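Peer 1: Okay, here's the structure, questions in a sec.
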Amino acid sequence: MSISQKIEDDFRPLVAELGYELVFVDYVKEGQDWFLRFFIDKTDGIDINDCEKVSRYVEIILDEKEYVQTQYVLEVSSLGLERPLRKDEDYFNNIGEKIEVSLYKPIDKKKKYIGILIRYDEELVLNVDDKEIAFAKANISKANILLDF
């Protein structure tokens, strides 16, 4: 189990006690620095005060339990308007929405597709320019909601 997954599993109920959903945790190296990122949500949205509250709470427990042995930067934030789709539930809840899908292996020489999510079962199916394109779940590296302004 990855550090991210262990922290996510352990902290999900703790963050829920504060009134937030812990959507996911990322532990990544960017350049020389390591980042531990908590992405939170709640029904009426997230503001800076919510992020600060969760950050102060989890920081104490992270320091006590020493989940991470290297120096890192702790960040707590909302998912943003163009939230990533990570779990089956995220896909099901966004059928009919415009999304962007990035692939591990190209299809028709393309690794990025934008379209309307029309189905998510054995495969993810998008309507791209009035054409249905199916993607194997295992080939999806990343997907997120796209908003039109």
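Just remember, in the structure tokens the first chain shown is A, the second B, etc., residues are 1-based per chain, and ligands are 1-based in the order shown.
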Any chance you could list, as number ranges by chain, the residues in chain A that come up alpha helix (DSSP H) when DSSP is run on the backbone?

Peer 2: A: 3-17, 48-65, 88-92

Peer 1: Report as a ChimeraX atom specification: the residues of range 86-147 of chain A with a DSSP assignment of strand (DSSP E), based on the backbone of this structure.

Peer 2: /A:98-107,110-120,123-128,131-136,140-145

Peer 1: Give me the residues within 6 Å of Gly96 in chain A as a PDB file with N, CA and C atoms, in the first residue's frame, counting only C-alpha atoms and dropping any in the same chain fewer than 5 places off.

Peer 2:
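Contents of around_8.pdb, as written:
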ATOM      1  N   ILE A 116     -18.608  14.458 -23.801  1.00  0.00           N
ATOM      2  CA  ILE A 116     -19.654  14.291 -22.796  1.00  0.00           C
ATOM      3  C   ILE A 116     -19.637  12.838 -22.322  1.00  0.00           C
ATOM      4  N   LEU A 117     -19.549  12.650 -21.023  1.00  0.00           N
ATOM      5  CA  LEU A 117     -19.566  11.305 -20.451  1.00  0.00           C
ATOM      6  C   LEU A 117     -20.982  10.751 -20.586  1.00  0.00           C
ATOM      7  N   ILE A 118     -21.120   9.682 -21.383  1.00  0.00           N
ATOM      8  CA  ILE A 118     -22.464   9.145 -21.578  1.00  0.00           C
ATOM      9  C   ILE A 118     -22.666   7.781 -20.914  1.00  0.00           C
TER      10      ILE A 118
END

Peer 1: Would you work out the distance separating CA of Ser102 in chain A from CA of Lys142 in chain A, expressed in Å to one decimal?

Peer 2: 5.1 Å

Peer 1: Given the choices A:Leu146, A:Ile107, A:Val28, A:Leu124, which gets closest to Gln71 in chain A if the distance is worked out from only C-alpha atoms?

Peer 2: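 Of all the options, A:Val28 lies closest to Gln71 in chain A.
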
Peer 1: Any idea what's packed within 12 Å of Asp47 in chain A, counting only C-alpha atoms, ignoring anything in its chain fewer than 4 positions away? Could you give it as a PyMOL selection string?

Peer 2: chain A and resi 20+40-43+51-54+76-80

Peer 1: Go ahead and compute the interatomic distance for CA of Leu36 in chain A and CA of Val73 in chain A, in Å to one decimal.

Peer 2: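 Pair CA of Leu36 in chain A / CA of Val73 in chain A returns 6.0 Å.
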
Peer 1: Could you work out how far CA of Glu100 in chain A lies from CA of Ile7 in chain A, giving the answer in Å with one decimal?

Peer 2: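 Atom-to-atom, CA of Ile7 in chain A to CA of Glu100 in chain A, that is 27.7 Å.
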
Peer 1: Could you pull the residues within 12 Å of range 128-133 of chain A, counting only C-alpha atoms, minus those fewer than 2 positions along the same chain, as a PyMOL selection string?

Peer 2: chain A and resi 98-101+107-108+112-120+123-126+135-136

Peer 1: Return the single residue from A:Val68, A:Leu103, A:Val25, A:Leu14 that is closest to Lys137 in chain A, with distances computed using only C-alpha atoms.

Peer 2: A:Leu103
